[in-house]
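Peer 1: Next comes the structure file start_36.cif, holding mmCIF, C-alpha atoms and all ligand atoms.
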data_query
loop_
_atom_site.label_atom_id
_atom_site.label_comp_id
_atom_site.auth_asym_id
_atom_site.auth_seq_id
_atom_site.Cartn_x
_atom_site.Cartn_y
_atom_site.Cartn_z
CA MET A 5 31.96 -21.43 42.06
CA ASP A 6 30.01 -20.89 38.83
CA ASP A 7 26.41 -20.29 39.73
CA THR A 8 25.08 -20.32 36.15
CA LEU A 9 23.29 -23.60 36.74
CA VAL A 10 21.62 -22.27 39.82
CA ARG A 11 20.55 -19.06 38.12
CA ASN A 12 19.19 -20.99 35.14
CA HIS A 13 17.25 -23.26 37.42
CA ARG A 14 15.74 -20.28 39.26
CA LEU A 15 14.82 -18.58 36.01
CA ARG A 16 13.10 -21.67 34.68
CA ARG A 17 11.22 -22.07 37.95
CA ARG A 18 10.05 -18.45 37.77
CA ILE A 19 8.71 -19.02 34.25
CA HIS A 20 6.93 -22.19 35.40
CA GLN A 21 5.30 -20.18 38.17
CA MET A 22 4.31 -17.47 35.73
CA ILE A 23 2.68 -20.11 33.50
CA ALA A 24 0.95 -21.77 36.44
CA GLY A 25 -0.59 -18.43 37.40
CA GLN A 26 -2.18 -17.85 34.02
CA ARG A 27 -5.29 -19.56 32.67
CA ALA A 28 -4.90 -20.27 28.96
CA GLU A 29 -8.54 -19.56 28.15
CA SER A 30 -8.42 -16.06 29.63
CA LEU A 31 -5.25 -15.04 27.79
CA SER A 32 -6.13 -12.48 25.11
CA VAL A 33 -4.22 -12.28 21.86
CA ASP A 34 -2.43 -9.11 22.91
CA ASP A 35 -1.64 -10.57 26.35
CA ALA A 36 -0.18 -13.66 24.71
CA ARG A 37 2.12 -11.52 22.55
CA GLU A 38 3.13 -9.41 25.50
CA MET A 39 3.82 -12.43 27.69
CA ALA A 40 5.79 -14.17 24.91
CA ALA A 41 7.92 -11.04 24.43
CA ARG A 42 8.53 -10.81 28.18
CA ILE A 43 9.73 -14.43 28.31
CA GLN A 44 11.90 -13.98 25.22
CA ARG A 45 13.65 -11.00 26.78
CA LYS A 46 14.70 -13.22 29.68
CA GLY A 47 16.77 -15.34 27.27
CA PRO A 48 16.96 -18.91 25.94
CA GLN A 49 16.62 -20.52 29.37
CA ALA A 50 13.26 -18.84 29.83
CA VAL A 51 12.11 -20.03 26.41
CA GLN A 52 13.34 -23.52 27.35
CA ALA A 53 10.97 -23.44 30.33
CA LEU A 54 8.07 -23.30 27.87
CA PHE A 55 9.33 -26.42 26.10
CA ASP A 56 9.44 -28.11 29.53
CA ARG A 57 5.70 -27.50 29.81
CA LEU A 58 5.07 -29.43 26.57
CA PHE A 59 6.47 -32.57 28.21
CA ASP A 60 4.23 -32.43 31.25
CA GLU A 61 1.27 -34.60 30.29
CA GLU A 62 -0.61 -33.78 33.47
CA ASP A 63 -0.51 -30.00 33.07
CA ARG A 64 -3.05 -29.36 30.33
CA ASN A 65 -3.15 -25.64 31.00
CA GLY A 66 0.65 -25.36 30.81
CA HIS A 67 0.70 -27.43 27.63
CA ARG A 68 -1.83 -25.17 25.99
CA LEU A 69 -0.10 -21.97 27.14
CA ALA A 70 3.28 -23.20 25.91
CA ILE A 71 1.83 -23.79 22.42
CA MET A 72 0.19 -20.35 22.41
CA LEU A 73 3.32 -18.54 23.60
CA LEU A 74 5.86 -20.39 21.45
CA THR A 75 3.68 -19.71 18.42
CA GLU A 76 4.03 -15.97 19.10
CA MET A 77 7.84 -16.10 19.22
CA ASP A 78 9.60 -15.13 16.03
CA ASP A 79 12.98 -16.28 17.27
CA PRO A 80 15.62 -18.58 15.70
CA VAL A 81 16.18 -20.15 19.13
CA VAL A 82 12.62 -21.50 19.04
CA PHE A 83 13.06 -22.75 15.50
CA GLU A 84 16.33 -24.56 16.30
CA LYS A 85 14.92 -26.06 19.47
CA ILE A 86 11.90 -27.45 17.64
CA HIS A 87 14.10 -29.06 15.02
CA ALA A 88 16.47 -30.52 17.62
CA LEU A 89 13.57 -31.99 19.59
CA LEU A 90 11.93 -33.49 16.53
CA LYS A 91 15.11 -35.48 15.84
CA ARG A 92 14.98 -37.00 19.30
CA PRO A 93 14.01 -40.70 19.35
CA HIS A 94 11.11 -41.75 21.59
CA LEU A 95 9.64 -38.27 21.57
CA PRO A 96 6.09 -38.52 22.99
CA GLU A 97 3.60 -38.26 20.13
CA LYS A 98 1.67 -35.48 21.81
CA VAL A 99 4.82 -33.36 22.06
CA ARG A 100 5.76 -34.11 18.46
CA VAL A 101 2.42 -32.90 17.13
CA ALA A 102 2.54 -29.84 19.38
CA LEU A 103 5.97 -28.96 17.97
CA LEU A 104 4.81 -29.43 14.39
CA ALA A 105 1.74 -27.35 15.06
CA ILE A 106 3.80 -24.54 16.60
CA GLU A 107 6.11 -24.61 13.60
CA ALA A 108 3.17 -24.59 11.22
CA LEU A 109 1.40 -21.74 12.98
CA ARG A 110 4.54 -19.64 13.25
CA GLY A 111 5.22 -20.11 9.55
CA ASP A 112 1.70 -19.11 8.72
CA ALA A 113 1.76 -15.99 10.87
CA SER A 114 5.03 -14.65 9.51
CA SER A 115 4.67 -15.38 5.82
CA GLY A 116 0.95 -14.91 5.20
CA GLY A 117 -0.11 -17.92 3.16
CA ALA A 118 3.33 -19.35 2.31
CA PRO A 119 3.81 -23.11 2.74
CA LEU A 120 3.24 -23.98 6.36
CA LEU A 121 5.88 -26.59 6.97
CA THR A 122 9.52 -25.96 6.27
CA ASP A 123 11.37 -28.47 4.10
CA GLY A 124 13.12 -31.17 6.07
CA LEU A 125 10.57 -31.19 8.85
CA PRO A 126 8.78 -34.48 9.26
CA GLU A 127 5.21 -34.28 8.08
CA LEU A 128 2.28 -33.84 10.34
CA THR A 129 0.34 -37.05 9.83
CA LEU A 130 -3.34 -37.57 10.31
CA ASP A 131 -2.62 -40.24 12.90
CA SER A 132 -0.57 -37.83 14.94
CA LEU A 133 -3.23 -35.15 14.67
CA LEU A 134 -5.74 -37.56 16.16
CA GLN A 135 -3.63 -37.90 19.29
CA PHE A 136 -4.87 -34.50 20.19
CA SER A 137 -7.45 -33.88 22.79
CA GLU A 138 -10.07 -31.17 22.64
CA ASP A 139 -7.91 -28.60 24.35
CA PHE A 140 -5.43 -28.73 21.50
CA TRP A 141 -8.06 -27.11 19.28
CA GLU A 142 -8.52 -24.36 21.83
CA THR A 143 -5.06 -23.04 21.05
CA MET A 144 -5.88 -22.56 17.39
CA GLU A 145 -8.32 -20.45 15.46
CA MET A 146 -10.74 -22.27 13.19
CA GLU A 147 -8.99 -20.82 10.12
CA GLU A 148 -5.65 -22.13 11.35
CA VAL A 149 -7.11 -25.62 11.76
CA SER A 150 -8.43 -25.36 8.19
CA MET A 151 -5.05 -24.20 6.87
CA LEU A 152 -3.32 -27.10 8.63
CA TRP A 153 -5.73 -29.45 6.89
CA ARG A 154 -5.28 -27.72 3.55
CA GLU A 155 -1.48 -27.75 3.69
CA ASN A 156 -0.96 -31.21 5.14
CA PHE A 157 -3.87 -33.43 4.19
CA ALA A 158 -5.73 -32.05 1.19
CA ASP A 159 -3.53 -34.09 -1.17
CA GLU A 160 -4.18 -37.41 0.59
CA PRO A 161 -6.50 -39.85 -1.23
CA PRO A 162 -10.20 -39.19 -0.45
CA GLU A 163 -10.73 -42.59 1.19
CA ASP A 164 -7.93 -41.84 3.69
CA ARG A 165 -9.31 -38.37 4.36
CA LEU A 166 -12.77 -39.81 4.93
CA LEU A 167 -11.45 -42.26 7.55
CA MET A 168 -9.63 -39.48 9.34
CA LEU A 169 -12.57 -37.11 9.18
CA GLU A 170 -14.77 -39.77 10.74
CA MET A 171 -12.37 -40.05 13.67
CA LEU A 172 -11.49 -36.37 13.94
CA MET A 173 -15.09 -35.23 13.92
CA LYS A 174 -16.27 -37.63 16.63
CA THR A 175 -15.90 -34.74 19.05
CA ALA A 176 -18.00 -32.39 16.88
CA HIS A 177 -15.67 -29.59 17.95
CA PRO A 178 -16.81 -26.31 16.33
CA LYS A 179 -13.27 -25.47 15.21
CA LEU A 180 -13.44 -28.41 12.80
CA LEU A 181 -16.22 -26.73 10.82
CA GLY A 182 -13.65 -24.94 8.67
CA ILE A 183 -12.38 -28.32 7.49
CA ALA A 184 -15.97 -29.17 6.54
CA ASN A 185 -16.12 -26.00 4.40
CA LEU A 186 -12.84 -26.93 2.71
CA GLU A 187 -13.84 -30.51 2.00
CA ILE A 188 -17.19 -29.42 0.59
CA ALA A 189 -15.31 -27.07 -1.76
CA MET A 190 -13.01 -29.95 -2.77
CA GLY A 191 -16.17 -31.83 -3.64
CA ASN A 192 -15.57 -35.56 -3.13
CA VAL A 193 -19.15 -36.86 -3.01
CA LYS A 194 -18.53 -39.58 -0.41
CA ILE A 195 -16.90 -37.03 1.92
CA VAL A 196 -19.65 -34.48 1.35
CA GLN A 197 -22.26 -37.16 2.13
CA PHE A 198 -20.45 -37.95 5.37
CA LEU A 199 -20.33 -34.26 6.29
CA ALA A 200 -24.00 -33.70 5.45
CA GLN A 201 -24.81 -36.33 8.04
CA LYS A 202 -22.13 -35.36 10.58
CA LEU A 203 -22.96 -31.65 10.66
CA GLY A 204 -26.23 -32.55 12.36
CA GLN A 205 -24.20 -33.10 15.52
CA PHE A 206 -22.65 -29.64 15.55
CA ASP A 207 -24.33 -26.69 17.21
CA GLY A 208 -24.49 -23.02 16.31
CA PRO A 209 -25.26 -20.90 13.26
CA LEU A 210 -22.30 -22.02 11.12
CA PRO A 211 -23.30 -25.71 10.71
CA ILE A 212 -26.82 -24.53 9.89
CA ARG A 213 -25.51 -22.27 7.13
CA ILE A 214 -23.32 -25.03 5.69
CA LEU A 215 -26.22 -27.49 5.76
CA GLN A 216 -28.52 -24.99 4.07
CA ARG A 217 -26.01 -24.69 1.24
CA LEU A 218 -25.89 -28.49 0.98
CA GLN A 219 -29.68 -28.57 0.53
CA SER A 220 -29.08 -27.50 -3.08
CA HIS A 221 -26.17 -29.90 -3.69
CA PRO A 222 -26.45 -31.84 -6.97
CA ASP A 223 -26.23 -35.19 -5.14
CA LEU A 224 -29.60 -36.47 -3.89
CA VAL A 225 -28.09 -38.34 -0.91
CA VAL A 226 -26.31 -35.17 0.21
CA ARG A 227 -29.53 -33.16 -0.03
CA THR A 228 -31.51 -35.76 1.92
CA LEU A 229 -28.89 -36.06 4.67
CA ALA A 230 -28.62 -32.28 4.91
CA ASP A 231 -32.40 -32.01 5.41
CA LEU A 232 -32.30 -34.61 8.21
CA SER A 233 -29.26 -32.99 9.86
CA LEU A 234 -30.83 -29.53 9.79
CA GLU A 235 -33.88 -30.95 11.53
CA GLN A 236 -31.57 -32.50 14.16
CA VAL A 237 -29.75 -29.22 14.85
CA ARG A 238 -33.00 -27.28 15.08
CA GLU A 239 -34.59 -29.90 17.29
CA ARG A 240 -31.70 -29.61 19.75
CA ALA A 241 -31.99 -25.83 19.70
CA ARG A 242 -35.76 -26.08 20.38
CA SER A 243 -35.33 -28.48 23.27
CA ALA A 244 -32.70 -26.10 24.67
CA SER A 245 -30.35 -28.97 25.47
CA PRO A 246 -26.92 -27.53 26.22
CA PRO A 247 -24.51 -27.79 23.28
CA LYS A 248 -21.63 -30.27 23.64
CA ALA A 249 -19.13 -27.55 22.84
CA PRO A 250 -20.08 -23.88 22.90
CA PRO A 251 -20.40 -22.55 19.32
CA LEU A 252 -17.71 -20.12 18.21
CA PRO A 253 -18.47 -16.48 18.92
CA GLU A 254 -19.70 -14.68 15.83
CA ALA A 255 -17.35 -12.04 14.51
CA ARG A 256 -18.75 -8.74 13.29
CA PHE A 257 -17.82 -6.72 10.23
CA TYR A 258 -14.99 -4.36 11.10
CA ARG A 259 -13.54 -2.64 8.02
CA ALA A 260 -13.07 -3.03 4.29
CA HIS A 261 -10.66 -1.43 1.86
CA MET A 262 -10.39 -1.69 -1.87
CA ALA A 263 -7.72 -0.83 -4.40
CA THR A 264 -8.79 -0.52 -8.03
CA ASP A 265 -6.64 -1.07 -11.09
CA ALA A 266 -9.05 0.13 -13.78
CA MET A 267 -6.69 -0.68 -16.67
CA SER A 268 -6.28 -4.34 -15.75
CA GLY A 269 -9.82 -4.72 -14.42
CA HIS A 270 -8.43 -5.92 -11.09
CA TYR A 271 -9.55 -5.15 -7.58
CA SER A 272 -7.81 -5.96 -4.32
CA LEU A 273 -10.21 -6.14 -1.42
CA ILE A 274 -9.46 -6.44 2.27
CA TYR A 275 -12.43 -7.56 4.36
CA ALA A 276 -11.92 -7.60 8.12
CA VAL A 277 -14.07 -8.80 11.03
CA LYS A 278 -13.60 -8.35 14.75
CA SER A 279 -14.32 -11.07 17.35
CA PRO A 280 -15.85 -10.28 20.73
CA ASP A 281 -12.35 -10.72 22.25
CA GLY A 282 -11.07 -7.86 20.08
CA GLN A 283 -8.98 -9.89 17.66
CA ILE A 284 -9.18 -9.06 13.99
CA LYS A 285 -9.42 -11.63 11.22
CA PHE A 286 -9.33 -10.61 7.61
CA LEU A 287 -9.21 -11.97 4.12
CA VAL A 288 -7.58 -10.39 1.09
CA VAL A 289 -8.95 -11.23 -2.34
CA LEU A 290 -7.74 -10.38 -5.80
CA LEU A 291 -10.65 -10.01 -8.22
CA ASP A 292 -10.75 -9.90 -12.01
CA ARG A 293 -13.72 -7.94 -13.27
CA TRP A 294 -13.53 -8.99 -16.91
CA ASP A 295 -13.56 -12.77 -16.76
CA ARG A 296 -12.09 -14.73 -13.89
CA GLY A 297 -13.84 -13.39 -10.78
CA VAL A 298 -11.95 -14.35 -7.62
CA ILE A 299 -8.36 -15.09 -8.69
CA ASP A 300 -6.58 -15.35 -5.37
CA CYS A 301 -7.36 -15.31 -1.69
CA TRP A 302 -5.47 -15.41 1.59
CA GLY A 303 -6.12 -14.33 5.14
CA CYS A 304 -4.81 -13.84 8.65
CA VAL A 305 -6.05 -14.17 12.22
CA ARG A 306 -5.00 -12.75 15.59
CA TYR A 307 -4.35 -9.18 14.47
CA SER A 308 -4.66 -6.37 16.99
CA THR A 309 -6.16 -3.04 15.89
CA GLU A 310 -2.69 -1.54 15.80
CA GLU A 311 -1.22 -4.32 13.68
CA PHE A 312 -4.14 -4.16 11.29
CA ASN A 313 -3.62 -0.42 10.85
CA GLN A 314 0.06 -1.03 10.14
CA LEU A 315 -0.87 -3.62 7.53
CA LEU A 316 -3.27 -1.18 5.85
CA ALA A 317 -0.57 1.49 5.78
CA ALA A 318 1.91 -0.95 4.24
CA MET A 319 -0.59 -2.00 1.60
CA ALA A 320 -1.43 1.63 0.83
CA ARG A 321 2.27 2.16 0.07
CA ASP A 322 2.46 -1.00 -2.06
CA PHE A 323 -0.56 0.04 -4.11
CA ALA A 324 0.39 3.73 -4.27
CA ASP A 325 -0.25 3.86 -8.02
CA LEU A 326 -3.79 2.50 -7.67
CA GLN A 327 -6.99 4.18 -6.62
CA GLN A 328 -7.62 3.15 -3.00
CA ARG A 329 -10.38 3.79 -0.54
CA ARG A 330 -12.07 2.57 2.57
CA ILE A 331 -15.50 1.18 1.75
CA THR A 332 -18.53 0.11 3.74
CA LYS A 333 -19.84 -3.41 4.09
CA ARG A 334 -22.36 -3.12 1.25
CA PRO A 335 -19.97 -2.37 -1.64
CA ALA A 336 -17.49 -4.89 -0.20
CA LEU A 337 -20.11 -7.65 -0.21
CA THR A 338 -21.25 -6.60 -3.68
CA LEU A 339 -17.69 -6.94 -5.01
CA LEU A 340 -17.29 -10.37 -3.44
CA THR A 341 -20.70 -11.60 -4.61
CA ASN A 342 -20.32 -10.27 -8.17
CA ALA A 343 -16.88 -11.86 -8.42
CA MET A 344 -17.98 -15.25 -7.08
CA GLU A 345 -21.01 -15.29 -9.39
CA LEU A 346 -18.66 -14.64 -12.31
CA ASN A 347 -16.50 -17.63 -11.29
CA VAL A 348 -19.61 -19.82 -11.40
CA ARG A 349 -20.95 -18.32 -14.65
CA ARG A 350 -17.67 -18.69 -16.50
CA ARG A 351 -16.79 -22.02 -14.83
CA HIS A 352 -13.56 -20.79 -13.27
CA ALA A 353 -12.88 -22.74 -10.06
CA LEU A 354 -12.85 -20.62 -6.91
CA PRO A 355 -9.49 -20.65 -5.09
CA LEU A 356 -9.63 -23.33 -2.39
CA GLU A 357 -8.41 -20.82 0.20
CA LEU A 358 -11.70 -18.99 -0.19
CA ALA A 359 -13.36 -21.95 1.57
CA VAL A 360 -11.16 -21.22 4.59
CA TRP A 361 -12.22 -17.57 4.78
CA CYS A 362 -15.69 -17.29 3.22
CA HIS A 363 -17.46 -17.77 6.54
CA LEU A 364 -16.22 -14.28 7.52
CA PHE A 365 -18.72 -12.75 5.09
CA ASP A 366 -21.05 -15.30 3.50
CA HIS A 367 -23.77 -15.00 6.17
CA GLU A 368 -24.17 -11.24 5.77
CA PRO A 369 -27.45 -10.18 4.19
CA PHE A 370 -26.94 -7.34 1.74
CA LYS A 371 -28.44 -5.43 -1.14
CA ASN A 372 -26.51 -5.05 -4.36
CA ASP A 373 -24.61 -1.75 -4.49
CA PRO A 374 -25.19 -0.16 -7.93
CA SER A 375 -21.99 1.90 -7.63
CA ILE A 376 -19.92 -1.26 -8.03
CA PRO A 377 -19.37 -1.86 -11.75
CA GLU A 378 -20.75 -4.91 -13.46
CA PHE A 379 -18.59 -8.05 -13.54
CA GLY A 380 -18.21 -10.19 -16.65
CA VAL A 381 -18.77 -7.48 -19.28
CA ASP A 382 -18.65 -8.13 -23.02
CA CYS A 383 -16.23 -6.61 -25.50
CA GLY A 384 -17.58 -3.17 -26.48
CA VAL A 385 -17.07 -3.92 -30.18
CA CYS A 386 -17.70 -7.62 -30.96
CA ARG A 387 -20.01 -8.09 -27.93
CA LYS A 388 -18.38 -11.40 -27.03
CA PRO A 389 -17.43 -12.17 -23.41
CA LEU A 390 -13.96 -10.87 -22.53
CA ARG A 391 -11.41 -13.55 -21.72
CA THR A 392 -8.45 -12.91 -19.46
CA GLY A 393 -5.66 -15.05 -18.06
CA PRO A 394 -1.93 -15.11 -17.53
CA ARG A 395 -1.33 -16.19 -21.16
CA LEU A 396 -3.90 -13.94 -22.78
CA ALA A 397 -3.24 -10.41 -23.94
CA PRO A 398 -5.18 -7.97 -21.75
CA PRO A 399 -8.24 -6.14 -23.08
CA TRP A 400 -7.87 -2.55 -24.11
CA VAL A 401 -9.57 -0.04 -21.83
CA LEU A 402 -10.63 3.51 -22.52
CA GLY A 403 -12.93 5.08 -19.95
CA ASP A 404 -16.01 2.89 -19.66
CA LEU A 405 -15.25 1.09 -22.89
CA VAL A 406 -13.46 -2.28 -22.83
CA VAL A 407 -12.40 -3.93 -26.06
CA CYS A 408 -11.08 -7.47 -26.43
CA HIS A 409 -7.50 -7.92 -27.59
CA ARG A 410 -8.62 -9.26 -31.00
CA CYS A 411 -10.83 -6.28 -31.73
CA SER A 412 -8.26 -3.77 -30.49
CA LYS A 413 -5.78 -5.18 -33.04
CA ARG A 414 -8.36 -5.26 -35.82
CA SER A 415 -7.26 -3.29 -38.84
CA LEU A 416 -9.63 -0.50 -39.92
CA ARG A 417 -9.73 1.52 -43.12
CA CYS A 418 -10.55 5.18 -42.69
CA PRO A 419 -13.64 6.05 -44.82
CA MET A 420 -12.29 9.62 -45.29
CA CYS A 421 -8.63 9.21 -46.33
CA GLY A 422 -8.43 5.45 -46.93
CA GLY A 423 -5.52 5.10 -44.50
CA SER A 424 -5.43 2.01 -42.28
CA ALA A 425 -4.89 1.76 -38.54
CA THR A 426 -5.71 -0.60 -35.72
CA LEU A 427 -8.73 0.20 -33.61
CA SER A 428 -6.58 0.88 -30.54
CA GLU A 429 -4.63 3.50 -32.51
CA CYS A 430 -7.81 5.45 -33.19
CA LEU A 431 -9.00 7.62 -30.36
CA VAL A 432 -12.49 6.95 -29.08
CA THR A 433 -14.13 10.33 -28.85
CA ARG A 434 -17.43 9.42 -27.27
CA GLU A 435 -19.85 6.63 -26.52
CA ASP A 436 -23.42 7.88 -26.40
CA SER A 437 -26.48 6.31 -24.78
CA ARG A 438 -27.17 4.15 -27.85
CA GLY A 439 -23.70 2.62 -27.53
CA GLN A 440 -22.39 4.58 -30.53
CA ILE A 441 -18.59 4.76 -30.50
CA ASP A 442 -16.68 7.25 -32.62
CA LEU A 443 -13.10 6.87 -33.73
CA ARG A 444 -10.65 9.49 -34.86
CA CYS A 445 -8.37 8.56 -37.74
CA PRO A 446 -4.70 9.00 -36.79
CA HIS A 447 -3.86 10.07 -40.39
CA CYS A 448 -6.50 12.64 -41.35
CA PHE A 449 -7.95 13.27 -37.86
CA GLU A 450 -11.51 12.93 -39.15
CA THR A 451 -14.01 11.15 -36.88
CA PHE A 452 -16.25 8.33 -38.01
CA PRO A 453 -18.55 5.86 -36.27
CA ILE A 454 -17.19 2.40 -35.61
CA ASN A 455 -18.37 -0.41 -37.84
CA ARG A 456 -18.96 -3.31 -35.45
ZN ZN B 501 -14.12 -7.89 -29.37
ZN ZN B 502 -8.31 9.15 -42.28
#
Kindly return the structure encoded in the file as structure tokens.
Peer 2:
Amino acid sequence: MDDTLVRNHRLRRRIHQMIAGQRAESLSVDDAREMAARIQRKGPQAVQALFDRLFDEEDRNGHRLAIMLLTEMDDPVVFEKIHALLKRPHLPEKVRVALLAIEALRGDASSGGAPLLTDGLPELTLDSLLQFSEDFWETMEMEEVSMLWRENFADEPPEDRLLMLEMLMKTAHPKLLGIANLEIAMGNVKIVQFLAQKLGQFDGPLPIRILQRLQSHPDLVVRTLADLSLEQVRERARSASPPKAPPLPEARFYRAHMATDAMSGHYSLIYAVKSPDGQIKFLVVLLDRWDRGVIDCWGCVRYSTEEFNQLLAAMARDFADLQQRRITKRPALTLLTNAMELNVRRRHALPLELAVWCHLFDHEPFKNDPSIPEFGVDCGVCRKPLRTGPRLAPPWVLGDLVVCHRCSKRSLRCPMCGGSATLSECLVTREDSRGQIDLRCPHCFETFPINR
């Protein structure tokens, strides 16, 4: 007699017991990975046992663990199973959203900022998201909640988003604060007004920081509501009434690395923080020193120390031709601040993703580091602000001197031999303290001062 059925049944029961013996809230990131790998090694039947847990409405712990573990599994079996289940009619809504969330989180973890939901998958709707109880949020990091919002709902009309935010934020769950940051960056005034009022019901340092920023918002209603909300939060803190949900643990600065491309005026910066549970979160930003400030931003959560080191090694190989170094918090914050100030000064919108990650660093007090070069410099010849962009020719760089594309192509006549050459063809021999630049004629090799 074929005993496959019996063996499968036993295996699934063993996995159910394993799940029952583990509290979701005490499972560390590394433990979750290890446990997921252990279940995967036991084969598809073992993985199936995790899907069983999703259907058990009574077992909240098992539900939560199944989401956490399936998210860690980079396995086509999981992918196929999710798709097969989503096609099933009468699938309970809670299971459907869990499946979509697992798919979204897996996509995010493996591709680092690529679109979250695969084509052909039904969309995660706001209505379905609302089916979720508080413990759903426990399985996700705040940044993941923000990315879900960004990828799935940011394009919905503001009035729809406002309705959903009103319902979603009834719980004042701290993991929703990332969505508040995103929506404030998106800037719909009605939504920002709602948030300015709502944030008064959240506890912890993050809502206070967001509200303090809103105190200088251009809209008077926003400013007034932010004042009132701040008073509310502080009043609750003074009266020592226990917070509805414990605020998120504050992560501390862990490491920063920068890669410099002096010729293009670009910097890549990795800024990492470590949570009390040992998990590393980091953001990567691409900065343009000449004109555009922060050009691009993405980030990741749930990295172990080992994985983070592997990532750094991989990036060091990718940027082998650039100057790279580990830096301390102060120069890292100076780079970020200088770049963001340049975005504001030159009216280049900050990437929306920065709103997902900025809370990793924007509360850190710091003093400007003079070793970080100035952002937003002018052309060394015509003294006009440098402009850069994908369609613009790059400035011409020689040592500390940067010259706009127009000036570098400017035709000069040599005062000695009368020959003509473009400025970039003439070698700059020195720039003294008075800003004097000398050129060397490529025809007669005489030097002469530049005529600005
Ligand atoms: Zn110029
Ligand atoms: Zn000459």
Peer 1: Step by step, measure atom-to-atom distances between ligand ZN 502 (chain B) and each residue using only C-alpha atoms and all ligand atoms, keep those at most 7 Å, then write them as a ChimeraX atom specification.
Peer 2: /A:418-423,445-450
Peer 1: Could you build a table of the residues in chain A lying no more than 9 Å from ligand ZN 501 (chain B), giving for each the nearest pair of atoms and their separation in Å rounded to one decimal place, using only C-alpha atoms and all ligand atoms, ordered by chain and ascending residue number, as a tab-separated table?
Peer 2:
residue	atom	partner	partner_atom	distance
A:Asp382	CA	B:ZN501	ZN	7.8
A:Cys383	CA	B:ZN501	ZN	4.6
A:Gly384	CA	B:ZN501	ZN	6.5
A:Val385	CA	B:ZN501	ZN	5.0
A:Cys386	CA	B:ZN501	ZN	3.9
A:Arg387	CA	B:ZN501	ZN	6.1
A:Lys388	CA	B:ZN501	ZN	6.0
A:Pro389	CA	B:ZN501	ZN	8.0
A:Leu390	CA	B:ZN501	ZN	7.5
A:Pro399	CA	B:ZN501	ZN	8.8
A:Val406	CA	B:ZN501	ZN	8.6
A:Val407	CA	B:ZN501	ZN	5.4
A:Cys408	CA	B:ZN501	ZN	4.2
A:His409	CA	B:ZN501	ZN	6.9
A:Arg410	CA	B:ZN501	ZN	5.9
A:Cys411	CA	B:ZN501	ZN	4.4
A:Ser412	CA	B:ZN501	ZN	7.3
Peer 1: For Glu61 of chain A, which residue among A:Pro162, A:Pro96, A:Pro48, A:Pro80 is the nearest when counting only C-alpha atoms?
Peer 2: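 Checking each of A:Pro162, A:Pro96, A:Pro48, A:Pro80 against Glu61 of chain A, counting only C-alpha atoms, the winner is A:Pro96.
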Peer 1: Got a sec: who's within 10 Å of segment 207-213 of chain A, counting all atoms listed in the file, leaving out chain neighbours fewer than 3 positions off, as number ranges by chain?
Peer 2: A: 176-178, 181-182, 184-185, 200, 202-204, 216-218, 230, 233-238, 240-241, 246-254, 363, 366-367
Peer 1: Could you take the residues named above and write them with C-alpha atoms, as a short mmCIF file (atom, residue, chain, number, x, y, z; two decimals), keeping the file's coordinate frame?
Peer 2:
data_model
loop_
_atom_site.label_atom_id
_atom_site.label_comp_id
_atom_site.auth_asym_id
_atom_site.auth_seq_id
_atom_site.Cartn_x
_atom_site.Cartn_y
_atom_site.Cartn_z
CA ALA A 176 -18.00 -32.39 16.88
CA HIS A 177 -15.67 -29.59 17.95
CA PRO A 178 -16.81 -26.31 16.33
CA LEU A 181 -16.22 -26.73 10.82
CA GLY A 182 -13.65 -24.94 8.67
CA ALA A 184 -15.97 -29.17 6.54
CA ASN A 185 -16.12 -26.00 4.40
CA ALA A 200 -24.00 -33.70 5.45
CA LYS A 202 -22.13 -35.36 10.58
CA LEU A 203 -22.96 -31.65 10.66
CA GLY A 204 -26.23 -32.55 12.36
CA GLN A 216 -28.52 -24.99 4.07
CA ARG A 217 -26.01 -24.69 1.24
CA LEU A 218 -25.89 -28.49 0.98
CA ALA A 230 -28.62 -32.28 4.91
CA SER A 233 -29.26 -32.99 9.86
CA LEU A 234 -30.83 -29.53 9.79
CA GLU A 235 -33.88 -30.95 11.53
CA GLN A 236 -31.57 -32.50 14.16
CA VAL A 237 -29.75 -29.22 14.85
CA ARG A 238 -33.00 -27.28 15.08
CA ARG A 240 -31.70 -29.61 19.75
CA ALA A 241 -31.99 -25.83 19.70
CA PRO A 246 -26.92 -27.53 26.22
CA PRO A 247 -24.51 -27.79 23.28
CA LYS A 248 -21.63 -30.27 23.64
CA ALA A 249 -19.13 -27.55 22.84
CA PRO A 250 -20.08 -23.88 22.90
CA PRO A 251 -20.40 -22.55 19.32
CA LEU A 252 -17.71 -20.12 18.21
CA PRO A 253 -18.47 -16.48 18.92
CA GLU A 254 -19.70 -14.68 15.83
CA HIS A 363 -17.46 -17.77 6.54
CA ASP A 366 -21.05 -15.30 3.50
CA HIS A 367 -23.77 -15.00 6.17
#
Peer 1: Which residues are close to Ala260 of chain A, i.e. within 6 Å by only C-alpha atoms, leaving aside same-chain residues fewer than 6 positions away? Reply as a list in words.
Peer 2: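 Neighbouring residues, sequence-local ones excluded: Ile274, Tyr275, Arg330 and Ile331 of chain A.
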Peer 1: Using the selection just defined, write its residues with C-alpha atoms as a compact mmCIF listing (two decimals), keeping the file's coordinate frame.
Peer 2:
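Produced file again-v3.txt, reproduced below:
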# COMPACT_ATOMS: atom_id res chain seq x y z
CA ILE A 274 -9.46 -6.44 2.27
CA TYR A 275 -12.43 -7.56 4.36
CA ARG A 330 -12.07 2.57 2.57
CA ILE A 331 -15.50 1.18 1.75
Peer 1: Grab the atom CA of Glu357 of chain A to atom CA of Leu180 of chain A distance for me, in Å with one decimal place.
Peer 2: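 Value for the atom CA of Glu357 of chain A-atom CA of Leu180 of chain A distance: 15.5 Å.
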